[in-house]
file entry_12.pdb (PDB, C-alpha atoms, pLDDT in the B column)
ATOM      1  CA  MET A  86     -18.494  -8.151  11.345  1.00 91.00           C
ATOM      2  CA  ARG A  87     -19.326  -8.643   7.677  1.00 94.00           C
ATOM      3  CA  SER A  88     -17.232  -9.955   4.819  1.00 94.00           C
ATOM      4  CA  LEU A  89     -16.933  -9.872   1.052  1.00 93.00           C
ATOM      5  CA  ALA A  90     -14.951 -12.084  -1.336  1.00 93.00           C
ATOM      6  CA  LEU A  91     -14.427 -11.087  -4.949  1.00 90.00           C
ATOM      7  CA  THR A  92     -11.942 -11.037  -7.804  1.00 92.00           C
ATOM      8  CA  LEU A  93     -10.872  -7.853  -9.573  1.00 91.00           C
ATOM      9  CA  PRO A  94      -9.508  -8.283 -13.113  1.00 90.00           C
ATOM     10  CA  VAL A  95      -6.279  -6.557 -14.062  1.00 87.00           C
ATOM     11  CA  GLY A  96      -6.692  -2.828 -14.570  1.00 86.00           C
ATOM     12  CA  MET A  97     -10.094  -2.574 -12.902  1.00 91.00           C
ATOM     13  CA  ARG A  98     -10.578   0.715 -11.053  1.00 91.00           C
ATOM     14  CA  LEU A  99     -12.953   1.595  -8.258  1.00 90.00           C
ATOM     15  CA  ASP A 100     -13.475   5.350  -8.244  1.00 91.00           C
ATOM     16  CA  GLY A 101     -13.460   7.387  -5.060  1.00 91.00           C
ATOM     17  CA  HIS A 102     -15.730   5.807  -2.466  1.00 92.00           C
ATOM     18  CA  ALA A 103     -16.042   5.297   1.289  1.00 91.00           C
ATOM     19  CA  HIS A 104     -17.649   2.849   3.706  1.00 90.00           C
ATOM     20  CA  ALA A 105     -19.670   3.434   6.850  1.00 90.00           C
ATOM     21  CA  TRP A 106     -17.696   0.738   8.696  1.00 90.00           C
ATOM     22  CA  PRO A 107     -13.909   0.382   9.080  1.00 91.00           C
ATOM     23  CA  GLN A 108     -12.605  -1.994   6.420  1.00 92.00           C
ATOM     24  CA  LEU A 109      -9.760  -4.520   6.236  1.00 93.00           C
ATOM     25  CA  VAL A 110      -8.914  -5.411   2.632  1.00 92.00           C
ATOM     26  CA  PHE A 111      -6.745  -8.526   2.304  1.00 91.00           C
ATOM     27  CA  ALA A 112      -5.046  -9.225  -1.005  1.00 86.00           C
ATOM     28  CA  ALA A 113      -5.057 -13.029  -0.959  1.00 86.00           C
ATOM     29  CA  ARG A 114      -3.549 -12.923  -4.460  1.00 85.00           C
ATOM     30  CA  GLY A 115      -2.368 -10.027  -6.571  1.00 83.00           C
ATOM     31  CA  ALA A 116      -1.651  -6.421  -5.603  1.00 87.00           C
ATOM     32  CA  LEU A 117      -3.622  -3.195  -5.288  1.00 90.00           C
ATOM     33  CA  ALA A 118      -2.856   0.473  -5.849  1.00 91.00           C
ATOM     34  CA  VAL A 119      -4.798   2.780  -3.536  1.00 92.00           C
ATOM     35  CA  ALA A 120      -4.920   6.567  -3.620  1.00 91.00           C
ATOM     36  CA  VAL A 121      -6.364   9.509  -1.749  1.00 89.00           C
ATOM     37  CA  THR A 122      -5.787  13.196  -2.483  1.00 83.00           C
ATOM     38  CA  ASP A 123      -2.246  13.514  -1.111  1.00 85.00           C
ATOM     39  CA  ARG A 124      -1.096   9.933  -0.548  1.00 90.00           C
ATOM     40  CA  GLN A 125      -0.697   6.688  -2.444  1.00 91.00           C
ATOM     41  CA  TRP A 126      -0.134   3.063  -1.433  1.00 91.00           C
ATOM     42  CA  VAL A 127       0.677  -0.222  -3.119  1.00 89.00           C
ATOM     43  CA  VAL A 128      -0.696  -3.241  -1.238  1.00 88.00           C
ATOM     44  CA  PRO A 129       1.472  -6.309  -1.908  1.00 84.00           C
ATOM     45  CA  PRO A 130      -0.038  -9.791  -2.118  1.00 82.00           C
ATOM     46  CA  THR A 131      -0.840 -11.469   1.213  1.00 81.00           C
ATOM     47  CA  ARG A 132      -0.842  -8.064   2.945  1.00 87.00           C
ATOM     48  CA  ALA A 133      -3.866  -6.036   4.018  1.00 92.00           C
ATOM     49  CA  LEU A 134      -5.074  -2.461   3.777  1.00 92.00           C
ATOM     50  CA  TRP A 135      -6.745  -0.831   6.770  1.00 92.00           C
ATOM     51  CA  VAL A 136      -9.316   1.797   5.750  1.00 91.00           C
ATOM     52  CA  PRO A 137     -11.083   3.772   8.507  1.00 90.00           C
ATOM     53  CA  ALA A 138     -14.800   4.479   8.225  1.00 89.00           C
ATOM     54  CA  HIS A 139     -15.747   7.289   5.827  1.00 90.00           C
ATOM     55  CA  ALA A 140     -12.228   7.543   4.328  1.00 89.00           C
ATOM     56  CA  VAL A 141     -12.652   8.292   0.611  1.00 92.00           C
ATOM     57  CA  HIS A 142     -10.209   6.266  -1.502  1.00 93.00           C
ATOM     58  CA  GLU A 143      -9.647   4.972  -5.037  1.00 93.00           C
ATOM     59  CA  VAL A 144      -8.542   1.428  -5.874  1.00 92.00           C
ATOM     60  CA  GLU A 145      -6.819  -0.105  -8.913  1.00 92.00           C
ATOM     61  CA  ALA A 146      -6.145  -3.817  -9.473  1.00 91.00           C
ATOM     62  CA  LEU A 147      -2.551  -4.569 -10.447  1.00 87.00           C
ATOM     63  CA  GLY A 148      -2.922  -7.948 -12.061  1.00 81.00           C
ATOM     64  CA  ASP A 149      -5.804 -10.254 -11.185  1.00 86.00           C
ATOM     65  CA  VAL A 150      -6.587  -9.656  -7.518  1.00 88.00           C
ATOM     66  CA  SER A 151      -8.407 -11.959  -5.104  1.00 90.00           C
ATOM     67  CA  LEU A 152      -9.890  -9.796  -2.355  1.00 90.00           C
ATOM     68  CA  ARG A 153     -11.087 -10.898   1.031  1.00 93.00           C
ATOM     69  CA  THR A 154     -12.616  -7.920   2.842  1.00 93.00           C
ATOM     70  CA  LEU A 155     -13.834  -7.581   6.425  1.00 95.00           C
ATOM     71  CA  TYR A 156     -16.140  -4.776   7.569  1.00 93.00           C
ATOM     72  CA  LEU A 157     -15.922  -4.150  11.320  1.00 90.00           C
ATOM     73  CA  ALA A 158     -18.995  -2.779  13.077  1.00 83.00           C
ATOM     74  CA  SER A 159     -16.824  -1.562  15.944  1.00 65.00           C
ATOM     75  CA  SER A 160     -13.987   0.898  15.426  1.00 58.00           C
ATOM     76  CA  LYS A 161     -12.323   0.034  18.755  1.00 61.00           C
ATOM     77  CA  THR A 162      -9.417  -1.455  16.822  1.00 62.00           C
ATOM     78  CA  SER A 163      -7.480   1.060  14.746  1.00 62.00           C
ATOM     79  CA  PRO A 164      -4.017  -0.239  13.870  1.00 66.00           C
ATOM     80  CA  ALA A 165      -3.227   2.881  11.844  1.00 55.00           C
ATOM     81  CA  GLY A 166      -4.376   5.479  14.337  1.00 59.00           C
ATOM     82  CA  GLN A 167      -6.843   7.394  12.189  1.00 62.00           C
ATOM     83  CA  GLY A 168      -5.425   6.781   8.721  1.00 83.00           C
ATOM     84  CA  ILE A 169      -5.207   4.304   5.877  1.00 88.00           C
ATOM     85  CA  CYS A 170      -2.182   2.018   5.969  1.00 89.00           C
ATOM     86  CA  VAL A 171      -0.780  -1.319   4.769  1.00 89.00           C
ATOM     87  CA  LEU A 172      -0.460  -4.051   7.393  1.00 91.00           C
ATOM     88  CA  ASP A 173       1.585  -7.195   7.537  1.00 88.00           C
ATOM     89  CA  VAL A 174      -0.692 -10.200   7.968  1.00 91.00           C
ATOM     90  CA  SER A 175       0.282 -12.938  10.387  1.00 91.00           C
ATOM     91  CA  PRO A 176      -0.510 -16.567   9.486  1.00 92.00           C
ATOM     92  CA  LEU A 177      -3.217 -16.576  12.174  1.00 95.00           C
ATOM     93  CA  LEU A 178      -4.822 -13.362  10.916  1.00 95.00           C
ATOM     94  CA  ARG A 179      -4.758 -14.739   7.367  1.00 94.00           C
ATOM     95  CA  GLU A 180      -6.667 -17.856   8.409  1.00 95.00           C
ATOM     96  CA  LEU A 181      -9.117 -15.791  10.448  1.00 96.00           C
ATOM     97  CA  ILE A 182      -9.859 -13.556   7.459  1.00 95.00           C
ATOM     98  CA  LEU A 183     -10.421 -16.568   5.219  1.00 94.00           C
ATOM     99  CA  GLU A 184     -12.661 -18.227   7.814  1.00 95.00           C
ATOM    100  CA  VAL A 185     -14.857 -15.161   8.267  1.00 95.00           C
ATOM    101  CA  THR A 186     -15.248 -14.720   4.504  1.00 94.00           C
ATOM    102  CA  ARG A 187     -16.230 -18.388   4.342  1.00 94.00           C
ATOM    103  CA  ILE A 188     -18.853 -17.868   7.070  1.00 93.00           C
ATOM    104  CA  GLY A 189     -20.104 -14.592   5.592  1.00 93.00           C
ATOM    105  CA  SER A 190     -20.737 -12.548   8.740  1.00 91.00           C
ATOM    106  CA  LEU A 191     -20.176 -12.769  12.491  1.00 91.00           C
ATOM    107  CA  GLU A 192     -23.199 -12.325  14.758  1.00 91.00           C
ATOM    108  CA  GLN A 193     -23.249 -11.061  18.337  1.00 88.00           C
ATOM    109  CA  ASP A 194     -25.518 -13.863  19.570  1.00 91.00           C
ATOM    110  CA  SER A 195     -22.965 -16.554  18.680  1.00 93.00           C
ATOM    111  CA  ALA A 196     -20.237 -17.313  21.219  1.00 94.00           C
ATOM    112  CA  VAL A 197     -18.031 -18.802  18.499  1.00 93.00           C
ATOM    113  CA  HIS A 198     -18.458 -15.715  16.344  1.00 94.00           C
ATOM    114  CA  GLN A 199     -17.637 -13.440  19.268  1.00 92.00           C
ATOM    115  CA  HIS A 200     -14.467 -15.445  19.889  1.00 93.00           C
ATOM    116  CA  LEU A 201     -13.416 -15.142  16.245  1.00 93.00           C
ATOM    117  CA  ALA A 202     -14.070 -11.390  16.284  1.00 91.00           C
ATOM    118  CA  GLY A 203     -12.013 -11.031  19.455  1.00 91.00           C
ATOM    119  CA  LEU A 204      -9.088 -12.856  17.881  1.00 93.00           C
ATOM    120  CA  ILE A 205      -9.252 -10.641  14.800  1.00 93.00           C
ATOM    121  CA  HIS A 206      -9.276  -7.456  16.884  1.00 90.00           C
ATOM    122  CA  ASP A 207      -6.334  -8.789  18.886  1.00 91.00           C
ATOM    123  CA  GLN A 208      -4.349  -9.632  15.750  1.00 92.00           C
ATOM    124  CA  LEU A 209      -5.092  -6.238  14.222  1.00 90.00           C
ATOM    125  CA  GLY A 210      -3.817  -4.565  17.360  1.00 88.00           C
ATOM    126  CA  ARG A 211      -0.565  -6.508  17.014  1.00 88.00           C
ATOM    127  CA  ALA A 212      -0.151  -6.105  13.245  1.00 89.00           C
ATOM    128  CA  THR A 213       2.977  -4.391  11.950  1.00 87.00           C
ATOM    129  CA  ARG A 214       2.404  -1.313   9.832  1.00 87.00           C
ATOM    130  CA  LEU A 215       4.367  -1.435   6.567  1.00 86.00           C
ATOM    131  CA  ARG A 216       5.766   1.891   5.389  1.00 84.00           C
ATOM    132  CA  LEU A 217       4.530   1.589   1.824  1.00 86.00           C
ATOM    133  CA  GLU A 218       2.735   4.900   1.461  1.00 90.00           C
ATOM    134  CA  LEU A 219       3.987   7.652  -0.817  1.00 94.00           C
ATOM    135  CA  PRO A 220       2.955  11.063   0.542  1.00 94.00           C
ATOM    136  CA  LEU A 221       2.575  13.743  -2.116  1.00 95.00           C
ATOM    137  CA  PRO A 222       3.450  17.398  -1.483  1.00 95.00           C
ATOM    138  CA  ARG A 223       0.600  19.894  -1.757  1.00 94.00           C
ATOM    139  CA  ASP A 224       2.626  22.932  -2.798  1.00 95.00           C
ATOM    140  CA  PRO A 225       2.404  23.163  -6.623  1.00 95.00           C
ATOM    141  CA  ARG A 226       6.165  23.745  -6.972  1.00 96.00           C
ATOM    142  CA  ALA A 227       7.058  20.676  -4.926  1.00 96.00           C
ATOM    143  CA  ARG A 228       4.302  18.680  -6.636  1.00 95.00           C
ATOM    144  CA  ARG A 229       5.835  19.602 -10.002  1.00 95.00           C
ATOM    145  CA  VAL A 230       9.178  18.200  -8.824  1.00 96.00           C
ATOM    146  CA  ALA A 231       7.468  15.059  -7.532  1.00 96.00           C
ATOM    147  CA  ASP A 232       5.737  14.498 -10.868  1.00 94.00           C
ATOM    148  CA  LEU A 233       8.975  15.003 -12.811  1.00 95.00           C
ATOM    149  CA  ALA A 234      10.868  12.607 -10.545  1.00 95.00           C
ATOM    150  CA  ARG A 235       8.209   9.891 -10.815  1.00 93.00           C
ATOM    151  CA  ALA A 236       8.148  10.254 -14.593  1.00 93.00           C
ATOM    152  CA  ASP A 237      11.820   9.223 -14.776  1.00 92.00           C
ATOM    153  CA  LEU A 238      12.855   6.985 -11.889  1.00 94.00           C
ATOM    154  CA  ARG A 239      15.477   5.315 -14.073  1.00 92.00           C
ATOM    155  CA  HIS A 240      17.802   8.314 -13.805  1.00 90.00           C
ATOM    156  CA  SER A 241      18.857  10.104 -10.620  1.00 87.00           C
ATOM    157  CA  VAL A 242      18.329  13.628 -11.902  1.00 91.00           C
ATOM    158  CA  THR A 243      19.585  16.068  -9.277  1.00 93.00           C
ATOM    159  CA  LEU A 244      17.132  18.036  -7.203  1.00 95.00           C
ATOM    160  CA  SER A 245      18.666  21.255  -8.542  1.00 94.00           C
ATOM    161  CA  ASP A 246      17.880  20.213 -12.113  1.00 94.00           C
ATOM    162  CA  LEU A 247      14.344  19.155 -11.206  1.00 94.00           C
ATOM    163  CA  ALA A 248      13.748  22.364  -9.276  1.00 94.00           C
ATOM    164  CA  ALA A 249      14.800  24.473 -12.276  1.00 92.00           C
ATOM    165  CA  ASP A 250      11.424  23.715 -13.894  1.00 83.00           C
ATOM    166  CA  SER A 251       9.418  24.347 -10.728  1.00 88.00           C
ATOM    167  CA  GLY A 252       9.917  28.044 -10.077  1.00 88.00           C
ATOM    168  CA  ALA A 253      11.650  27.446  -6.738  1.00 92.00           C
ATOM    169  CA  SER A 254      15.180  26.784  -5.551  1.00 95.00           C
ATOM    170  CA  ALA A 255      16.401  23.331  -4.613  1.00 95.00           C
ATOM    171  CA  ARG A 256      16.648  24.476  -0.982  1.00 95.00           C
ATOM    172  CA  THR A 257      13.009  25.602  -1.011  1.00 96.00           C
ATOM    173  CA  ILE A 258      11.862  22.321  -2.604  1.00 96.00           C
ATOM    174  CA  GLU A 259      13.780  20.296  -0.029  1.00 96.00           C
ATOM    175  CA  ARG A 260      12.169  22.307   2.762  1.00 96.00           C
ATOM    176  CA  LEU A 261       8.723  21.778   1.251  1.00 97.00           C
ATOM    177  CA  PHE A 262       9.257  18.016   0.978  1.00 97.00           C
ATOM    178  CA  HIS A 263      10.257  17.851   4.637  1.00 96.00           C
ATOM    179  CA  ALA A 264       7.285  19.942   5.731  1.00 96.00           C
ATOM    180  CA  GLU A 265       4.611  18.308   3.560  1.00 96.00           C
ATOM    181  CA  THR A 266       5.693  14.659   3.265  1.00 95.00           C
ATOM    182  CA  GLY A 267       7.859  14.164   6.339  1.00 94.00           C
ATOM    183  CA  LEU A 268      10.666  12.898   4.086  1.00 95.00           C
ATOM    184  CA  ALA A 269      13.808  14.345   2.572  1.00 96.00           C
ATOM    185  CA  PHE A 270      13.596  14.408  -1.210  1.00 96.00           C
ATOM    186  CA  GLY A 271      16.072  11.521  -1.524  1.00 94.00           C
ATOM    187  CA  GLN A 272      14.027   9.393   0.880  1.00 94.00           C
ATOM    188  CA  TRP A 273      10.850  10.308  -0.957  1.00 96.00           C
ATOM    189  CA  ARG A 274      12.321   9.254  -4.325  1.00 95.00           C
ATOM    190  CA  GLN A 275      13.455   5.955  -2.817  1.00 92.00           C
ATOM    191  CA  GLN A 276       9.871   5.336  -1.668  1.00 94.00           C
ATOM    192  CA  ALA A 277       8.584   6.233  -5.141  1.00 95.00           C
ATOM    193  CA  ARG A 278      10.980   3.682  -6.623  1.00 94.00           C
ATOM    194  CA  LEU A 279       9.754   0.995  -4.239  1.00 93.00           C
ATOM    195  CA  GLN A 280       6.143   1.683  -5.202  1.00 92.00           C
ATOM    196  CA  HIS A 281       7.037   1.545  -8.884  1.00 93.00           C
ATOM    197  CA  ALA A 282       8.836  -1.760  -8.353  1.00 92.00           C
ATOM    198  CA  LEU A 283       5.812  -3.253  -6.571  1.00 89.00           C
ATOM    199  CA  ARG A 284       3.541  -2.098  -9.371  1.00 88.00           C
ATOM    200  CA  ARG A 285       5.752  -3.440 -12.167  1.00 89.00           C
ATOM    201  CA  LEU A 286       6.270  -6.804 -10.479  1.00 88.00           C
ATOM    202  CA  ALA A 287       2.504  -7.089 -10.044  1.00 83.00           C
ATOM    203  CA  GLU A 288       2.193  -6.366 -13.771  1.00 83.00           C
ATOM    204  CA  SER A 289       4.470  -9.386 -14.469  1.00 82.00           C
ATOM    205  CA  ALA A 290       7.688  -7.483 -15.181  1.00 88.00           C
ATOM    206  CA  ASP A 291      10.776  -9.543 -14.353  1.00 90.00           C
ATOM    207  CA  VAL A 292      13.113  -8.522 -11.538  1.00 92.00           C
ATOM    208  CA  ALA A 293      15.862  -7.226 -13.857  1.00 93.00           C
ATOM    209  CA  THR A 294      13.387  -4.978 -15.681  1.00 94.00           C
ATOM    210  CA  ALA A 295      11.944  -3.603 -12.441  1.00 93.00           C
ATOM    211  CA  ALA A 296      15.450  -2.949 -11.115  1.00 94.00           C
ATOM    212  CA  ALA A 297      16.478  -1.070 -14.258  1.00 94.00           C
ATOM    213  CA  GLU A 298      13.316   1.020 -14.341  1.00 94.00           C
ATOM    214  CA  CYS A 299      13.960   2.024 -10.729  1.00 93.00           C
ATOM    215  CA  GLY A 300      17.482   3.205 -11.489  1.00 92.00           C
ATOM    216  CA  TYR A 301      19.463   0.294 -10.079  1.00 92.00           C
ATOM    217  CA  GLU A 302      22.595  -0.665 -11.983  1.00 87.00           C
ATOM    218  CA  SER A 303      22.695  -4.114 -10.364  1.00 92.00           C
ATOM    219  CA  VAL A 304      19.944  -6.558  -9.552  1.00 94.00           C
ATOM    220  CA  SER A 305      21.645  -7.414  -6.260  1.00 94.00           C
ATOM    221  CA  ALA A 306      21.366  -3.813  -5.030  1.00 93.00           C
ATOM    222  CA  PHE A 307      17.702  -3.777  -5.991  1.00 94.00           C
ATOM    223  CA  VAL A 308      17.070  -7.084  -4.193  1.00 93.00           C
ATOM    224  CA  SER A 309      18.778  -5.721  -1.071  1.00 92.00           C
ATOM    225  CA  MET A 310      16.556  -2.616  -1.078  1.00 90.00           C
ATOM    226  CA  PHE A 311      13.459  -4.707  -1.656  1.00 90.00           C
ATOM    227  CA  ARG A 312      14.271  -7.155   1.137  1.00 90.00           C
ATOM    228  CA  GLN A 313      14.972  -4.320   3.569  1.00 87.00           C
ATOM    229  CA  ALA A 314      11.602  -2.713   2.788  1.00 84.00           C
ATOM    230  CA  LEU A 315       9.388  -5.824   2.700  1.00 81.00           C
ATOM    231  CA  GLY A 316      11.321  -8.554   4.436  1.00 82.00           C
ATOM    232  CA  VAL A 317      11.246 -10.796   1.333  1.00 84.00           C
ATOM    233  CA  THR A 318      13.107 -10.965  -1.949  1.00 87.00           C
ATOM    234  CA  PRO A 319      11.374  -9.994  -5.201  1.00 87.00           C
ATOM    235  CA  GLY A 320      11.218 -13.699  -6.094  1.00 79.00           C
ATOM    236  CA  GLN A 321       9.421 -14.532  -2.850  1.00 78.00           C
ATOM    237  CA  TYR A 322       7.117 -11.575  -3.445  1.00 75.00           C
ATOM    238  CA  LEU A 323       6.245 -12.863  -6.919  1.00 69.00           C
ATOM    239  CA  ARG A 324       5.501 -16.339  -5.583  1.00 66.00           C
ATOM    240  CA  GLY A 325       3.149 -14.818  -3.023  1.00 59.00           C
ATOM    241  CA  ALA A 326       1.400 -12.849  -5.767  1.00 51.00           C
ATOM    242  CA  LYS A 327       0.551 -16.072  -7.623  1.00 49.00           C
ATOM    243  CA  GLU A 328      -0.618 -18.181  -4.673  1.00 49.00           C
TER     244      GLU A 328
END

call {"tool": "encode", "arguments": {"input": "entry_12.pdb", "output": "structure tokens"}}
result
Amino acid sequence: MRSLALTLPVGMRLDGHAHAWPQLVFAARGALAVAVTDRQWVVPPTRALWVPAHAVHEVEALGDVSLRTLYLASSKTSPAGQGICVLDVSPLLRELILEVTRIGSLEQDSAVHQHLAGLIHDQLGRATRLRLELPLPRDPRARRVADLARADLRHSVTLSDLAADSGASARTIERLFHAETGLAFGQWRQQARLQHALRRLAESADVATAAAECGYESVSAFVSMFRQALGVTPGQYLRGAKE
């Protein structure tokens, strides 16, 4: 097991790349936006991103980000099945990540290092997957609707109105969203709003601004949505981003 500790300044982008070993990217401070061809994630502070070996992905720093990354020689642990995902990080896993990055690498001929690696694999196997990905439809008509919806999350434009500019009926677009993202259009837009909120909070927007930009008429409704998705309030999220 190898490790890397670095800081990414706000706005820094890492173009499409992949790693030979599975990777666990822990955002000790700050947040990340990660993208592949048909899917996007926002990694909140104090959470981690699991990236399988050879998975090509792009990364953007949302604010100043302190990264603590582990590279696992063995792929026996795969908390996301075969895909990229965001994981909740237990207090024990957090301390293990920090300890390994302090050490630098774990060697097979050290009993202590083997014990640490075993604990990390165990914690990864227990980690909760956070549903923070935004799948993007591949069909150009549905993708057009997705782009229009993301361009104006403040207003709940009806699917019929969005579909009018796509060359397909609202029924066809809804069917395409189900087939290609696994979500109804309304669920998909809710996920897009959550991602936008995470991004804007990471960019130092206040809670009221993030709520308004996501189409919420009241801050309390926005806080309720946020807590249901992440288990913390936006205020708690912001405190974690600065620690």

call {"tool": "residues_around", "arguments": {"input": "entry_12.pdb", "residues": "range 283-288 of chain A", "least_positions_apart": "4", "cutoff": "12 Å", "atoms": "all atoms listed in the file", "output": "VMD selection string"}}
result
chain A and resid 94 to 96 112 114 to 119 125 to 130 145 to 150 217 to 218 276 to 279 292 to 299 307 311 314 to 315 318 to 327

call {"tool": "residues_around", "arguments": {"input": "entry_12.pdb", "residues": "range 191-207 of chain A", "least_positions_apart": "3", "cutoff": "8 Å", "atoms": "only C-alpha atoms", "output": "PyMOL selection string"}}
result
chain A and resi 86-87+162+178+181-182+185+188+210-211

call {"tool": "atom_distance", "arguments": {"input": "entry_12.pdb", "atom1": "CA of Trp135 in chain A", "atom2": "CA of Gly168 in chain A"}}
result
8.0 Å

call {"tool": "resolve_selection", "arguments": {"input": "entry_12.pdb", "expression": "the PyMOL selection byres ((chain A and resi 183) around 12)", "output": "count of residues only"}}
result
30

call {"tool": "atom_distance", "arguments": {"input": "entry_12.pdb", "atom1": "CA of Leu134 in chain A", "atom2": "CA of Gly267 in chain A"}}
result
21.2 Å

call {"tool": "resolve_selection", "arguments": {"input": "entry_12.pdb", "expression": "the PyMOL selection byres ((chain A and resi 247-250) around 10)", "output": "tab-separated table (two decimals) with C-alpha atoms, in the frame of the given file"}}
result
chain	number	residue	atom	x	y	z
A	226	ARG	CA	6.16	23.74	-6.97
A	227	ALA	CA	7.06	20.68	-4.93
A	229	ARG	CA	5.84	19.60	-10.00
A	230	VAL	CA	9.18	18.20	-8.82
A	231	ALA	CA	7.47	15.06	-7.53
A	232	ASP	CA	5.74	14.50	-10.87
A	233	LEU	CA	8.98	15.00	-12.81
A	234	ALA	CA	10.87	12.61	-10.54
A	242	VAL	CA	18.33	13.63	-11.90
A	243	THR	CA	19.58	16.07	-9.28
A	244	LEU	CA	17.13	18.04	-7.20
A	245	SER	CA	18.67	21.26	-8.54
A	246	ASP	CA	17.88	20.21	-12.11
A	251	SER	CA	9.42	24.35	-10.73
A	252	GLY	CA	9.92	28.04	-10.08
A	253	ALA	CA	11.65	27.45	-6.74
A	254	SER	CA	15.18	26.78	-5.55
A	255	ALA	CA	16.40	23.33	-4.61
A	256	ARG	CA	16.65	24.48	-0.98
A	257	THR	CA	13.01	25.60	-1.01
A	258	ILE	CA	11.86	22.32	-2.60
A	259	GLU	CA	13.78	20.30	-0.03

call {"tool": "decode", "arguments": {"input": "entry_12.pdb", "residues": "range 114-168 of chain A", "atoms": "C-alpha atoms", "output": "CSV table (one decimal), in the first residue's frame"}}
result
chain,number,residue,atom,x,y,z
A,114,ARG,CA,-10.4,19.4,3.8
A,115,GLY,CA,-12.3,20.8,0.8
A,116,ALA,CA,-14.3,19.1,-1.9
A,117,LEU,CA,-13.7,17.5,-5.2
A,118,ALA,CA,-15.6,17.3,-8.5
A,119,VAL,CA,-14.9,14.1,-10.4
A,120,ALA,CA,-16.1,13.1,-13.9
A,121,VAL,CA,-16.1,10.3,-16.3
A,122,THR,CA,-17.8,10.1,-19.7
A,123,ASP,CA,-21.4,9.5,-18.5
A,124,ARG,CA,-21.2,10.2,-14.7
A,125,GLN,CA,-20.2,12.9,-12.3
A,126,TRP,CA,-19.6,13.0,-8.5
A,127,VAL,CA,-19.0,15.7,-5.9
A,128,VAL,CA,-16.8,14.4,-3.0
A,129,PRO,CA,-17.7,16.3,0.2
A,130,PRO,CA,-15.0,17.1,2.8
A,131,THR,CA,-14.0,14.2,5.1
A,132,ARG,CA,-15.4,11.7,2.6
A,133,ALA,CA,-13.5,9.5,0.2
A,134,LEU,CA,-13.6,8.5,-3.4
A,135,TRP,CA,-13.0,4.9,-4.4
A,136,VAL,CA,-11.4,4.6,-7.9
A,137,PRO,CA,-10.8,1.1,-9.3
A,138,ALA,CA,-7.6,0.4,-11.2
A,139,HIS,CA,-7.4,1.7,-14.8
A,140,ALA,CA,-10.6,3.8,-14.4
A,141,VAL,CA,-10.1,7.0,-16.4
A,142,HIS,CA,-11.4,10.1,-14.5
A,143,GLU,CA,-11.0,13.9,-14.3
A,144,VAL,CA,-10.7,15.8,-11.1
A,145,GLU,CA,-11.4,19.4,-10.2
A,146,ALA,CA,-10.6,21.1,-6.8
A,147,LEU,CA,-13.6,23.0,-5.3
A,148,GLY,CA,-11.9,25.3,-3.0
A,149,ASP,CA,-8.5,24.5,-1.5
A,150,VAL,CA,-8.4,20.7,-1.1
A,151,SER,CA,-6.1,18.7,1.2
A,152,LEU,CA,-5.8,15.2,-0.3
A,153,ARG,CA,-4.7,12.0,1.4
A,154,THR,CA,-4.6,9.2,-1.1
A,155,LEU,CA,-4.0,5.5,-0.7
A,156,TYR,CA,-3.0,3.2,-3.5
A,157,LEU,CA,-3.8,-0.5,-2.8
A,158,ALA,CA,-1.7,-3.2,-4.4
A,159,SER,CA,-4.4,-5.7,-3.9
A,160,SER,CA,-7.9,-5.2,-5.4
A,161,LYS,CA,-9.5,-7.8,-3.1
A,162,THR,CA,-11.4,-4.9,-1.5
A,163,SER,CA,-13.9,-3.2,-3.8
A,164,PRO,CA,-16.5,-1.3,-1.9
A,165,ALA,CA,-18.2,-0.1,-5.1
A,166,GLY,CA,-18.3,-3.4,-6.9
A,167,GLN,CA,-16.5,-2.4,-10.1
A,168,GLY,CA,-17.2,1.4,-10.2
